[in-house]
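*Asks:* Below is one structure. I have some questions about it.
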Amino acid sequence: MTTTTTDTHPFVCLHVAEKPSLAKSIATLLSSSGGEENGIVDFANNINERGGGENDDIVDDDGKRKRRSSSTTLKTRKSSTSIDVHEFSRPFLNRKECAHRFTSVAGHVCAIDFPERFQDWELGPKLLFDCATEKKVTAGRVRGSLEREARTCDALVLWLDCDREGENICFEVMDAVVPRMRGGGGLRNVYRAKFSAISKSSVENAMKNLAKPNKDESDAVDARQELDLKMGVAFTRFQTKYFQDKFSGFDSRCVSYGPCQTPTLGFCVKRHLEIIRFVPESFWRLKLNLPSGVDMSATKKQKERKDDDDDDDD
């Protein structure tokens, strides 16, 4: 992997995590100067009555909770949209010097929806299955922060969750950042960090083995979201109109349907039927009362092996 930039400004790498607490934890580990236990000290026996805050939740490789050491060069500032940006310096790939900025989103930045003209409930539900969908920004404040940070950055490292949903959010972040990066953007300086724990060794290993975002996994999430949207909206409109004014006292303003709601309703109905069909049966509970001081214990004598008995008979 190679990175390029001009000599007029320091090389800057923007990191993006899936939520603010993760951004702070990973930035703290990456900025650590070594110190005690690679920048974190034992925290297991020093938890306050609240159990520690979410930003204290760092775990070492043995599963022990750790508290951050103050031996770091991490600085935190607020972006113009009040989102935390953590700054530190460390080498990056083939560069001995690099300025790093670590920020975050808060889940998805965009959502799939129908174009404006298909928002009309008077349209037939069947039309929704063939119409195109579009991605709309649902977290404008977060996207605005990413766009502003991107203008002075040369590389992007994505620390979203390592599953399909996280991969999909990667491409939402890239859509906001890549076109605005210095040097004209492009995927050359975009990297995917794969990690399994918030520990020093895990995040350092992720930095040493940076990969590329997986478009196929992201597309799979887009397909699932589109199916959920089309089935949910089409059947919601259909059954809402069908049930309107058919039952007195029934609120049919919106009879919602969704691919997740249907199996959930099935579980509820199944449990309800089990309850109403339940036939009580008599049962007994044994309770043993012993005089004070009486010890009742049971011992088990190991049965001698059959061949030992045979030897005794000989």
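A note on labels: chains of the structure tokens are A, B, ... as shown, every chain counts residues from 1, and ligands are counted from 1 in their shown order.
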Mind checking which residues fall within 12 Å of Val105 in chain A, counting only C-alpha atoms, ignoring those fewer than 6 positions away in the same chain, and posting them as a VMD selection string?
*Replies:* chain A and resid 15 to 23 83 to 85 138 to 146 158 to 161 166 169 to 170 172 to 174 176
*Asks:* Which neighbours of Pro10 in chain A fall inside 9 Å, counting only C-alpha atoms, when residues of the same chain fewer than 6 positions from it are skipped, and could you give them as a ChimeraX atom specification?
*Replies:* /A:97-99
*Asks:* Mind the document's chain letters and residue numbers, and return as a VMD selection string the residues of range 165-230 of chain A that DSSP labels helix (DSSP H, G or I).
*Replies:* chain A and resid 165 to 180 200 to 208 215 to 230
*Asks:* Looking at only C-alpha atoms, which of A:Val233, A:Val269, A:Leu187, A:Val294 is the one that sits closest to Ala155 in chain A?
*Replies:*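 Counting only C-alpha atoms, the residue closest to Ala155 in chain A is A:Leu187.
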*Asks:* Using 12 Å as the limit and counting only C-alpha atoms, can you tabulate each residue of range 221-290 of chain A that touches range 127-136 of chain A, with its shortest atom-to-atom distance in Å and the two atoms involved, as a tab-separated table?
*Replies:*
```
residue	atom	partner	partner_atom	distance
A:Asp222	CA	A:Lys135	CA	9.5
A:Ala223	CA	A:Thr133	CA	10.7
A:Gln225	CA	A:Thr133	CA	10.3
A:Glu226	CA	A:Thr133	CA	7.4
A:Leu227	CA	A:Phe129	CA	8.7
A:Asp228	CA	A:Phe129	CA	11.0
A:Leu229	CA	A:Thr133	CA	9.3
A:Lys230	CA	A:Phe129	CA	5.9
A:Met231	CA	A:Phe129	CA	7.8
A:Gly232	CA	A:Leu128	CA	10.3
A:Val233	CA	A:Leu128	CA	8.1
A:Ala234	CA	A:Leu128	CA	6.4
A:Phe235	CA	A:Leu128	CA	10.1
A:Thr236	CA	A:Leu128	CA	11.7
A:Arg237	CA	A:Leu128	CA	10.4
A:Phe238	CA	A:Leu128	CA	11.3
```
*Asks:* I need the chosen residues saved as an mmCIF file, in the first residue's frame, with C-alpha atoms.
*Replies:*
```cif
data_model
loop_
_atom_site.group_PDB
_atom_site.id
_atom_site.type_symbol
_atom_site.label_atom_id
_atom_site.label_comp_id
_atom_site.auth_asym_id
_atom_site.auth_seq_id
_atom_site.Cartn_x
_atom_site.Cartn_y
_atom_site.Cartn_z
ATOM 1 C CA ASP A 222 -28.897 -2.520 0.315
ATOM 2 C CA ALA A 223 -30.860 -5.401 -1.244
ATOM 3 C CA GLN A 225 -33.199 -2.913 3.026
ATOM 4 C CA GLU A 226 -34.991 -2.460 -0.308
ATOM 5 C CA LEU A 227 -36.957 -5.687 0.151
ATOM 6 C CA ASP A 228 -37.918 -4.695 3.707
ATOM 7 C CA LEU A 229 -39.028 -1.274 2.522
ATOM 8 C CA LYS A 230 -41.075 -2.444 -0.451
ATOM 9 C CA MET A 231 -42.812 -5.308 1.345
ATOM 10 C CA GLY A 232 -43.419 -3.267 4.483
ATOM 11 C CA VAL A 233 -44.829 -0.168 2.797
ATOM 12 C CA ALA A 234 -46.848 -2.014 0.137
ATOM 13 C CA PHE A 235 -48.563 -4.370 2.585
ATOM 14 C CA THR A 236 -49.042 -1.622 5.177
ATOM 15 C CA ARG A 237 -50.895 0.511 2.645
ATOM 16 C CA PHE A 238 -52.864 -2.474 1.360
#
```
*Asks:* Rounded to one decimal place, report the CA of Ser202 in chain A-CA of Asp154 in chain A distance in Å.
*Replies:*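 Computing it gives 24.4 Å between the two atoms.
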*Asks:* Would you please extract all strand (DSSP E) residues from range 43-213 of chain A, as assigned by DSSP on the backbone, and give them as a ChimeraX atom specification?
*Replies:* /A:58-59,65-68,75-78,84-89,99-104,110-113,134-137,155-159,190-192
*Asks:* What lies within 6 Å of range 208-219 of chain A using only C-alpha atoms, ignoring chain neighbours under 5 positions off, as number ranges by chain?
*Replies:* A: 164, 167-168, 191-193
